[in-house]
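K.L.:
Contents of coords_36.cif (mmCIF, C-alpha atoms and all ligand atoms) are given next:
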```cif
data_data
#
loop_
_atom_site.group_PDB
_atom_site.id
_atom_site.type_symbol
_atom_site.label_atom_id
_atom_site.label_comp_id
_atom_site.auth_asym_id
_atom_site.auth_seq_id
_atom_site.Cartn_x
_atom_site.Cartn_y
_atom_site.Cartn_z
ATOM 1 C CA MET A 1 140.253 83.781 -138.218
ATOM 2 C CA GLU A 2 138.297 83.857 -141.480
ATOM 3 C CA PRO A 3 140.277 82.180 -144.263
ATOM 4 C CA HIS A 4 141.223 84.760 -146.871
ATOM 5 C CA LYS A 5 140.149 84.440 -150.511
ATOM 6 C CA PRO A 6 142.574 82.240 -152.451
ATOM 7 C CA ARG A 7 145.537 84.305 -153.645
ATOM 8 C CA ILE A 8 146.097 83.461 -157.255
ATOM 9 C CA LEU A 9 149.137 84.539 -159.184
ATOM 10 C CA LEU A 10 148.187 84.443 -162.857
ATOM 11 C CA ALA A 11 151.021 84.602 -165.349
ATOM 12 C CA ALA A 12 151.313 84.883 -169.111
ATOM 13 C CA SER A 13 154.293 83.975 -171.265
ATOM 14 C CA GLY A 14 154.949 84.716 -174.919
ATOM 15 C CA SER A 15 152.298 82.947 -176.969
ATOM 16 C CA VAL A 16 149.606 84.510 -179.154
ATOM 17 C CA ALA A 17 147.123 82.949 -176.723
ATOM 18 C CA ALA A 18 148.096 85.761 -174.312
ATOM 19 C CA ILE A 19 145.372 87.755 -176.116
ATOM 20 C CA LYS A 20 143.068 85.873 -173.718
ATOM 21 C CA PHE A 21 144.964 86.838 -170.560
ATOM 22 C CA GLY A 22 142.826 89.871 -169.644
ATOM 23 C CA GLY A 23 139.668 87.730 -169.776
ATOM 24 C CA LEU A 24 141.307 85.106 -167.580
ATOM 25 C CA CYS A 25 142.282 87.753 -165.014
ATOM 26 C CA ARG A 26 138.694 89.013 -165.039
ATOM 27 C CA SER A 27 137.104 85.617 -164.405
ATOM 28 C CA PHE A 28 139.547 84.685 -161.626
ATOM 29 C CA SER A 29 139.233 88.090 -159.940
ATOM 30 C CA GLU A 30 135.501 87.547 -159.393
ATOM 31 C CA TRP A 31 136.373 84.672 -157.051
ATOM 32 C CA ALA A 32 139.956 85.089 -155.854
ATOM 33 C CA GLU A 33 142.505 87.744 -155.003
ATOM 34 C CA VAL A 34 144.524 88.038 -158.206
ATOM 35 C CA ARG A 35 147.934 89.418 -159.063
ATOM 36 C CA ALA A 36 149.309 89.104 -162.576
ATOM 37 C CA VAL A 37 152.783 88.571 -164.044
ATOM 38 C CA ALA A 38 153.592 89.052 -167.719
ATOM 39 C CA THR A 39 156.830 88.211 -169.501
ATOM 40 C CA LYS A 40 158.298 90.713 -171.955
ATOM 41 C CA SER A 41 157.151 88.739 -175.014
ATOM 42 C CA SER A 42 153.637 88.188 -173.663
ATOM 43 C CA LEU A 43 153.206 91.977 -173.479
ATOM 44 C CA HIS A 44 153.174 91.966 -177.271
ATOM 45 C CA PHE A 45 149.753 90.272 -177.107
ATOM 46 C CA ILE A 46 148.224 91.603 -173.870
ATOM 47 C CA ASP A 47 145.881 94.553 -174.024
ATOM 48 C CA LYS A 48 146.634 96.166 -170.637
ATOM 49 C CA ALA A 49 143.207 97.855 -170.690
ATOM 50 C CA SER A 50 141.637 94.371 -170.502
ATOM 51 C CA ILE A 51 143.215 93.692 -167.082
ATOM 52 C CA PRO A 52 140.789 94.561 -164.240
ATOM 53 C CA LYS A 53 141.736 97.689 -162.273
ATOM 54 C CA ASP A 54 142.146 95.782 -158.993
ATOM 55 C CA VAL A 55 144.644 93.316 -160.519
ATOM 56 C CA ILE A 56 148.249 94.531 -160.278
ATOM 57 C CA LEU A 57 150.254 93.569 -163.362
ATOM 58 C CA TYR A 58 153.951 92.923 -162.645
ATOM 59 C CA THR A 59 156.597 92.820 -165.348
ATOM 60 C CA ASP A 60 160.374 92.354 -165.457
ATOM 61 C CA GLU A 61 160.767 96.135 -165.087
ATOM 62 C CA ASP A 62 159.319 95.906 -161.558
ATOM 63 C CA GLU A 63 161.722 93.185 -160.437
ATOM 64 C CA TRP A 64 164.472 95.423 -159.050
ATOM 65 C CA SER A 65 162.872 98.885 -158.991
ATOM 66 C CA SER A 66 161.946 98.738 -155.302
ATOM 67 C CA TRP A 67 165.127 97.044 -154.066
ATOM 68 C CA LYS A 68 167.617 99.580 -152.663
ATOM 69 C CA LYS A 69 169.382 97.890 -149.772
ATOM 70 C CA ILE A 70 169.803 94.574 -147.957
ATOM 71 C CA GLY A 71 166.551 93.727 -146.222
ATOM 72 C CA ASP A 72 164.269 95.274 -148.877
ATOM 73 C CA GLY A 73 161.853 92.820 -150.486
ATOM 74 C CA VAL A 74 162.749 91.134 -153.755
ATOM 75 C CA LEU A 75 159.688 90.893 -155.978
ATOM 76 C CA HIS A 76 159.910 87.257 -157.147
ATOM 77 C CA ILE A 77 160.320 86.105 -153.544
ATOM 78 C CA GLU A 78 157.523 88.371 -152.292
ATOM 79 C CA LEU A 79 155.138 87.062 -154.962
ATOM 80 C CA ARG A 80 156.165 83.458 -154.318
ATOM 81 C CA LYS A 81 155.376 83.954 -150.619
ATOM 82 C CA TRP A 82 152.109 85.826 -151.325
ATOM 83 C CA ALA A 83 150.562 83.327 -153.752
ATOM 84 C CA ASP A 84 148.598 80.247 -152.720
ATOM 85 C CA ILE A 85 148.443 79.086 -156.332
ATOM 86 C CA LEU A 86 150.359 79.862 -159.507
ATOM 87 C CA VAL A 87 148.671 79.534 -162.901
ATOM 88 C CA ILE A 88 150.692 80.089 -166.086
ATOM 89 C CA ALA A 89 148.302 80.577 -169.004
ATOM 90 C CA PRO A 90 149.478 80.683 -171.678
ATOM 91 C CA LEU A 91 152.705 78.747 -171.160
ATOM 92 C CA SER A 92 154.942 79.163 -174.210
ATOM 93 C CA ALA A 93 157.276 76.456 -175.532
ATOM 94 C CA ASN A 94 160.195 78.611 -174.419
ATOM 95 C CA THR A 95 158.975 79.064 -170.842
ATOM 96 C CA LEU A 96 158.108 75.340 -170.630
ATOM 97 C CA GLY A 97 161.684 74.505 -171.596
ATOM 98 C CA LYS A 98 163.112 76.998 -169.128
ATOM 99 C CA ILE A 99 160.979 75.674 -166.253
ATOM 100 C CA ALA A 100 161.912 72.059 -167.047
ATOM 101 C CA GLY A 101 165.585 73.028 -167.061
ATOM 102 C CA GLY A 102 165.365 75.178 -163.906
ATOM 103 C CA LEU A 103 166.378 78.335 -165.756
ATOM 104 C CA CYS A 104 165.359 81.686 -164.313
ATOM 105 C CA ASP A 105 166.090 84.769 -166.409
ATOM 106 C CA ASN A 106 162.966 86.845 -165.828
ATOM 107 C CA LEU A 107 160.382 87.614 -163.144
ATOM 108 C CA LEU A 108 158.138 84.660 -163.991
ATOM 109 C CA THR A 109 160.823 81.976 -164.170
ATOM 110 C CA CYS A 110 162.423 83.299 -160.965
ATOM 111 C CA ILE A 111 159.052 82.842 -159.210
ATOM 112 C CA VAL A 112 158.829 79.273 -160.540
ATOM 113 C CA ARG A 113 162.454 78.560 -159.538
ATOM 114 C CA ALA A 114 161.641 79.708 -155.989
ATOM 115 C CA TRP A 115 158.228 77.962 -155.933
ATOM 116 C CA ASP A 116 157.111 75.860 -152.977
ATOM 117 C CA PHE A 117 155.871 72.703 -154.699
ATOM 118 C CA ASN A 118 153.524 71.982 -151.794
ATOM 119 C CA LYS A 119 151.413 74.762 -153.341
ATOM 120 C CA PRO A 120 149.526 74.092 -156.603
ATOM 121 C CA LEU A 121 151.060 75.179 -159.899
ATOM 122 C CA PHE A 122 149.002 74.875 -163.089
ATOM 123 C CA LEU A 123 150.360 75.161 -166.613
ATOM 124 C CA ALA A 124 148.248 75.745 -169.727
ATOM 125 C CA PRO A 125 150.588 75.371 -172.719
ATOM 126 C CA ALA A 126 149.935 77.138 -176.021
ATOM 127 C CA MET A 127 152.105 76.741 -179.098
ATOM 128 C CA ASN A 128 152.101 75.631 -182.720
ATOM 129 C CA THR A 129 151.429 71.925 -183.342
ATOM 130 C CA PHE A 130 154.949 71.371 -184.673
ATOM 131 C CA MET A 131 156.332 72.652 -181.378
ATOM 132 C CA TRP A 132 153.809 70.713 -179.296
ATOM 133 C CA ASN A 133 154.661 67.488 -181.175
ATOM 134 C CA SER A 134 158.413 68.034 -180.854
ATOM 135 C CA PRO A 135 160.187 65.377 -178.729
ATOM 136 C CA PHE A 136 161.357 68.197 -176.455
ATOM 137 C CA THR A 137 157.781 68.706 -175.232
ATOM 138 C CA GLN A 138 157.446 65.185 -173.822
ATOM 139 C CA ARG A 139 160.839 65.425 -172.101
ATOM 140 C CA HIS A 140 159.867 68.730 -170.524
ATOM 141 C CA LEU A 141 156.418 67.445 -169.512
ATOM 142 C CA ASP A 142 157.974 64.363 -167.882
ATOM 143 C CA THR A 143 160.124 66.614 -165.701
ATOM 144 C CA ILE A 144 157.196 68.842 -164.888
ATOM 145 C CA CYS A 145 155.045 65.860 -163.971
ATOM 146 C CA GLU A 146 157.734 64.596 -161.547
ATOM 147 C CA LEU A 147 157.574 67.941 -159.767
ATOM 148 C CA GLY A 148 153.839 67.518 -159.172
ATOM 149 C CA ILE A 149 152.871 70.386 -161.477
ATOM 150 C CA SER A 150 149.359 70.114 -162.994
ATOM 151 C CA LEU A 151 148.968 70.286 -166.738
ATOM 152 C CA ILE A 152 145.871 71.777 -168.349
ATOM 153 C CA PRO A 153 146.353 70.242 -171.799
ATOM 154 C CA PRO A 154 146.100 72.228 -175.013
ATOM 155 C CA VAL A 155 143.329 71.606 -177.553
ATOM 156 C CA THR A 156 143.047 71.085 -181.289
ATOM 157 C CA LYS A 157 141.770 74.049 -183.271
ATOM 158 C CA ARG A 158 142.772 76.860 -185.632
ATOM 159 C CA LEU A 159 146.121 78.304 -184.573
ATOM 160 C CA ALA A 160 147.562 81.783 -184.878
ATOM 161 C CA CYS A 161 149.311 81.026 -188.175
ATOM 162 C CA GLY A 162 146.179 79.512 -189.752
ATOM 163 C CA ASP A 163 147.295 75.893 -189.227
ATOM 164 C CA TYR A 164 144.777 73.540 -187.656
ATOM 165 C CA GLY A 165 146.095 71.241 -184.952
ATOM 166 C CA ASN A 166 146.844 70.568 -181.309
ATOM 167 C CA GLY A 167 148.597 73.257 -179.287
ATOM 168 C CA ALA A 168 145.909 75.868 -178.706
ATOM 169 C CA MET A 169 145.509 76.981 -175.122
ATOM 170 C CA ALA A 170 142.639 75.300 -173.249
ATOM 171 C CA GLU A 171 139.501 77.445 -173.084
ATOM 172 C CA PRO A 172 139.676 80.066 -170.304
ATOM 173 C CA SER A 173 136.523 78.524 -168.746
ATOM 174 C CA VAL A 174 138.302 75.137 -168.590
ATOM 175 C CA ILE A 175 141.364 76.724 -166.970
ATOM 176 C CA TYR A 176 139.171 78.543 -164.446
ATOM 177 C CA ASN A 177 137.095 75.444 -163.624
ATOM 178 C CA THR A 178 140.167 73.203 -163.255
ATOM 179 C CA VAL A 179 141.792 75.564 -160.754
ATOM 180 C CA ARG A 180 138.548 76.288 -158.909
ATOM 181 C CA LEU A 181 137.643 72.602 -158.566
ATOM 182 C CA SER A 182 141.075 71.746 -157.218
ATOM 183 C CA VAL A 183 140.942 74.566 -154.649
ATOM 184 C CA ASP A 184 137.414 73.624 -153.588
ATOM 185 C CA SER A 185 138.396 69.963 -153.188
ATOM 186 C CA ARG A 186 141.515 70.894 -151.186
ATOM 187 C CA ALA A 187 139.265 73.046 -148.976
ATOM 188 C CA GLN A 188 137.046 70.025 -148.326
ATOM 189 C CA THR A 189 140.059 68.024 -147.197
ATOM 190 C CA GLY A 190 140.936 70.697 -144.643
ATOM 191 C CA PHE A 191 143.421 72.779 -146.651
ATOM 192 C CA ASN A 192 143.256 76.382 -145.531
ATOM 193 C CA PRO A 193 145.196 78.895 -147.645
ATOM 194 C CA SER A 194 145.485 81.349 -144.715
ATOM 195 C CA LEU A 195 147.472 78.868 -142.647
ATOM 196 C CA PRO A 196 151.203 78.419 -143.170
HETATM 197 C C1 LIG B 201 151.493 79.886 -182.980
HETATM 198 N N1 LIG B 201 150.933 79.793 -181.745
HETATM 199 C C2 LIG B 201 149.625 79.590 -181.462
HETATM 200 C C3 LIG B 201 149.323 79.583 -179.988
HETATM 201 C C4 LIG B 201 148.248 78.652 -179.607
HETATM 202 N N2 LIG B 201 147.004 79.021 -180.206
HETATM 203 C C5 LIG B 201 145.873 79.305 -179.484
HETATM 204 C C6 LIG B 201 144.649 79.703 -180.286
HETATM 205 C C7 LIG B 201 144.448 81.235 -180.384
HETATM 206 C C8 LIG B 201 143.173 81.512 -181.191
HETATM 207 O O1 LIG B 201 142.043 80.937 -180.568
HETATM 208 C C9 LIG B 201 145.607 81.912 -181.124
HETATM 209 C C10 LIG B 201 144.301 81.853 -179.003
HETATM 210 O O2 LIG B 201 144.730 79.120 -181.558
HETATM 211 O O3 LIG B 201 145.845 79.237 -178.290
HETATM 212 O O4 LIG B 201 148.754 79.433 -182.276
HETATM 213 C C11 LIG B 201 151.210 79.056 -183.936
HETATM 214 S S1 LIG B 201 151.039 79.138 -185.524
#
```
Hey, can you dump this file as structure tokens for me?
P.N.:
Amino acid sequence: MEPHKPRILLAASGSVAAIKFGGLCRSFSEWAEVRAVATKSSLHFIDKASIPKDVILYTDEDEWSSWKKIGDGVLHIELRKWADILVIAPLSANTLGKIAGGLCDNLLTCIVRAWDFNKPLFLAPAMNTFMWNSPFTQRHLDTICELGISLIPPVTKRLACGDYGNGAMAEPSVIYNTVRLSVDSRAQTGFNPSLP
């Protein structure tokens, strides 16, 4: 059987860097099968018209709309089973904290809470420098590191509020290349996303 294209679940949480989410979906969809998840606050920054037509965008509203009776699929579980890889870009300070604490109060954090950590999960944080430098960040990153999650570190540049500092989301090309390289190297070691 031909291995299928990698199934990438791309998610955005509530940071101004979500303005770049449509572009990220576009670049990934040229190589992989992409589905997208957006939190309520990320929708403030996402231009839905920038999401490619073949990429389904799921939001919290979709979580329970198709569930009617026992046995019907539950969206966060379906997406968790479907995806080979989860990429959260941007990852807000709030969603970082929730993931580190195991909280799950929306579609995205429920997917993470149900995640199979044998499958890659990439996080690209984006937040103000004061938040990035807060002692909470290191605590949360330590937890995330223990779980085997891969961090795509933020960069130093002009931020949404005009401040200059670390906390800006890594360039979309860096996010794309990091994920692509890791998938290609797993493929070389015999990993096949179409096998269980
Ligand atoms: C609020 N938050 C941020 C988010 C991180 N910033 C970035 C970049 C953008 C412009 O290139 C906003 C995408 O600076 O990722 O700034 C802080 S004041």
K.L.:
Between chain A and ligand LIG 201 (chain B), at 9 Å or less, what are the per-residue closest atom pairs and their distances in Å? Count only C-alpha atoms and all ligand atoms, order by chain and rising residue number, and return it as a tab-separated table.
P.N.:
```
residue	atom	partner	partner_atom	distance
A:Ser15	CA	B:LIG201	C3	5.4
A:Val16	CA	B:LIG201	C3	5.0
A:Ala17	CA	B:LIG201	C10	3.8
A:Ala18	CA	B:LIG201	C10	7.2
A:Ile19	CA	B:LIG201	C10	6.7
A:Lys20	CA	B:LIG201	C10	6.8
A:Pro90	CA	B:LIG201	O3	7.7
A:Ser92	CA	B:LIG201	C3	8.1
A:Pro125	CA	B:LIG201	C4	8.0
A:Ala126	CA	B:LIG201	C4	4.2
A:Met127	CA	B:LIG201	C3	4.1
A:Asn128	CA	B:LIG201	C11	3.7
A:Thr129	CA	B:LIG201	C11	7.2
A:Phe130	CA	B:LIG201	C11	8.6
A:Met131	CA	B:LIG201	C11	8.6
A:Pro154	CA	B:LIG201	O3	7.7
A:Val155	CA	B:LIG201	O3	8.1
A:Thr156	CA	B:LIG201	O2	8.2
A:Lys157	CA	B:LIG201	O2	6.1
A:Arg158	CA	B:LIG201	O2	5.1
A:Leu159	CA	B:LIG201	O2	3.4
A:Ala160	CA	B:LIG201	O4	3.7
A:Cys161	CA	B:LIG201	S1	3.7
A:Gly162	CA	B:LIG201	S1	6.5
A:Asp163	CA	B:LIG201	S1	6.2
A:Tyr164	CA	B:LIG201	O2	8.3
A:Gly165	CA	B:LIG201	O2	8.7
A:Asn166	CA	B:LIG201	C4	8.4
A:Gly167	CA	B:LIG201	C4	5.4
A:Ala168	CA	B:LIG201	O3	3.4
A:Met169	CA	B:LIG201	O3	3.9
A:Ala170	CA	B:LIG201	O3	7.2
A:Glu171	CA	B:LIG201	O3	8.4
```
K.L.:
Okay, now the selection with C-alpha atoms, as a PDB file, in the frame of the given file?
P.N.:
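So the final result, stored in out-v1.pdb, reads:
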```pdb
ATOM      1  CA  SER A  15     152.298  82.947-176.969  1.00  0.00           C
ATOM      2  CA  VAL A  16     149.606  84.510-179.154  1.00  0.00           C
ATOM      3  CA  ALA A  17     147.123  82.949-176.723  1.00  0.00           C
ATOM      4  CA  ALA A  18     148.096  85.761-174.312  1.00  0.00           C
ATOM      5  CA  ILE A  19     145.372  87.755-176.116  1.00  0.00           C
ATOM      6  CA  LYS A  20     143.068  85.873-173.718  1.00  0.00           C
ATOM      7  CA  PRO A  90     149.478  80.683-171.678  1.00  0.00           C
ATOM      8  CA  SER A  92     154.942  79.163-174.210  1.00  0.00           C
ATOM      9  CA  PRO A 125     150.588  75.371-172.719  1.00  0.00           C
ATOM     10  CA  ALA A 126     149.935  77.138-176.021  1.00  0.00           C
ATOM     11  CA  MET A 127     152.105  76.741-179.098  1.00  0.00           C
ATOM     12  CA  ASN A 128     152.101  75.631-182.720  1.00  0.00           C
ATOM     13  CA  THR A 129     151.429  71.925-183.342  1.00  0.00           C
ATOM     14  CA  PHE A 130     154.949  71.371-184.673  1.00  0.00           C
ATOM     15  CA  MET A 131     156.332  72.652-181.378  1.00  0.00           C
ATOM     16  CA  PRO A 154     146.100  72.228-175.013  1.00  0.00           C
ATOM     17  CA  VAL A 155     143.329  71.606-177.553  1.00  0.00           C
ATOM     18  CA  THR A 156     143.047  71.085-181.289  1.00  0.00           C
ATOM     19  CA  LYS A 157     141.770  74.049-183.271  1.00  0.00           C
ATOM     20  CA  ARG A 158     142.772  76.860-185.632  1.00  0.00           C
ATOM     21  CA  LEU A 159     146.121  78.304-184.573  1.00  0.00           C
ATOM     22  CA  ALA A 160     147.562  81.783-184.878  1.00  0.00           C
ATOM     23  CA  CYS A 161     149.311  81.026-188.175  1.00  0.00           C
ATOM     24  CA  GLY A 162     146.179  79.512-189.752  1.00  0.00           C
ATOM     25  CA  ASP A 163     147.295  75.893-189.227  1.00  0.00           C
ATOM     26  CA  TYR A 164     144.777  73.540-187.656  1.00  0.00           C
ATOM     27  CA  GLY A 165     146.095  71.241-184.952  1.00  0.00           C
ATOM     28  CA  ASN A 166     146.844  70.568-181.309  1.00  0.00           C
ATOM     29  CA  GLY A 167     148.597  73.257-179.287  1.00  0.00           C
ATOM     30  CA  ALA A 168     145.909  75.868-178.706  1.00  0.00           C
ATOM     31  CA  MET A 169     145.509  76.981-175.122  1.00  0.00           C
ATOM     32  CA  ALA A 170     142.639  75.300-173.249  1.00  0.00           C
ATOM     33  CA  GLU A 171     139.501  77.445-173.084  1.00  0.00           C
TER      34      GLU A 171
END
```
K.L.:
Taking all atoms of region 134-139 of chain A that the file lists and extending 8 Å past them on each side, where is the centre of the axis-aligned box and how long are its edges? Answer in Å to one decimal, as lines of an AutoDock Vina configuration file.
P.N.:
```
center_x = 159.4
center_y = 66.9
center_z = -176.5
size_x = 19.9
size_y = 19.5
size_z = 24.8
```
K.L.:
Which is closer to Arg80 (chain A) than all the others in A:Arg186, A:His44, A:Lys53, A:Arg7, using all atoms listed in the file?
P.N.:
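That would be A:Arg7, the residue with the smallest distance to Arg80 (chain A).
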K.L.:
By how many Å are CA of Ile85 (chain A) and CA of Pro135 (chain A) apart?
P.N.:
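Atom-to-atom, CA of Ile85 (chain A) and CA of Pro135 (chain A) are spaced 28.8 Å apart.
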K.L.:
Let me make sure I understand: among A:Thr95, A:Ser150, A:Trp67, A:Trp115, which one has the smallest atom-to-atom distance to Ala83 (chain A) if we use all atoms listed in the file?
P.N.:
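For Ala83 (chain A), the nearest of the given residues is A:Trp115.
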K.L.:
Could you list, as a list in words, every residue within 10 Å of Phe117 (chain A), counting only C-alpha atoms and ignoring same-chain residues fewer than 2 positions away?
P.N.:
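Returned residues: Ile85, Val112, Ala114, Trp115, Lys119, Pro120, Leu121, Leu147, Gly148 and Ile149 of chain A.
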K.L.:
Could you tell me which residues the PyMOL selection byres (((chain A and resi 100) around 9) and not hetatm) returns for this structure, as a count of residues only?
P.N.:
14
K.L.:
One decimal, Å: what's the distance from CA of Val174 (chain A) over to CA of Cys104 (chain A), could you say?
P.N.:
28.2 Å
K.L.:
With distances taken over all atoms listed in the file, which residue among A:Cys145, A:Val183, A:Val37, A:Leu10 lies nearest His76 (chain A)?
P.N.:
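For His76 (chain A), the nearest of the candidates is A:Val37.
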K.L.:
Work out how far CA of Glu33 (chain A) is from CA of Lys5 (chain A), in Å to one decimal.
P.N.:
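Taking CA of Lys5 (chain A) and CA of Glu33 (chain A), their separation equals 6.1 Å.
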K.L.:
Determine, counting only C-alpha atoms, which protein, DNA and RNA residues have an atom within 12 Å of an atom of Ala32 (chain A); residues of the same chain fewer than 4 positions away are not included. Present the result as a VMD selection string.
P.N.:
chain A and resid 3 to 10 24 to 28 54 to 55 83 to 85 176 179 to 180 183 to 184 193
K.L.:
Suppose a student applies the PyMOL selection byres (((chain A and resi 62) around 12) and not hetatm) to this structure; what residues should they get, written as a ChimeraX atom specification?
P.N.:
/A:37-40,56-61,63-67,73-76,79,106-108
K.L.:
Considering all atoms listed in the file, state which residue in the set A:Thr137, A:Glu30, A:Ile51, A:Leu181 is at the smallest distance from Asn94 (chain A).
P.N.:
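Counting all atoms listed in the file, the residue closest to Asn94 (chain A) is A:Thr137.
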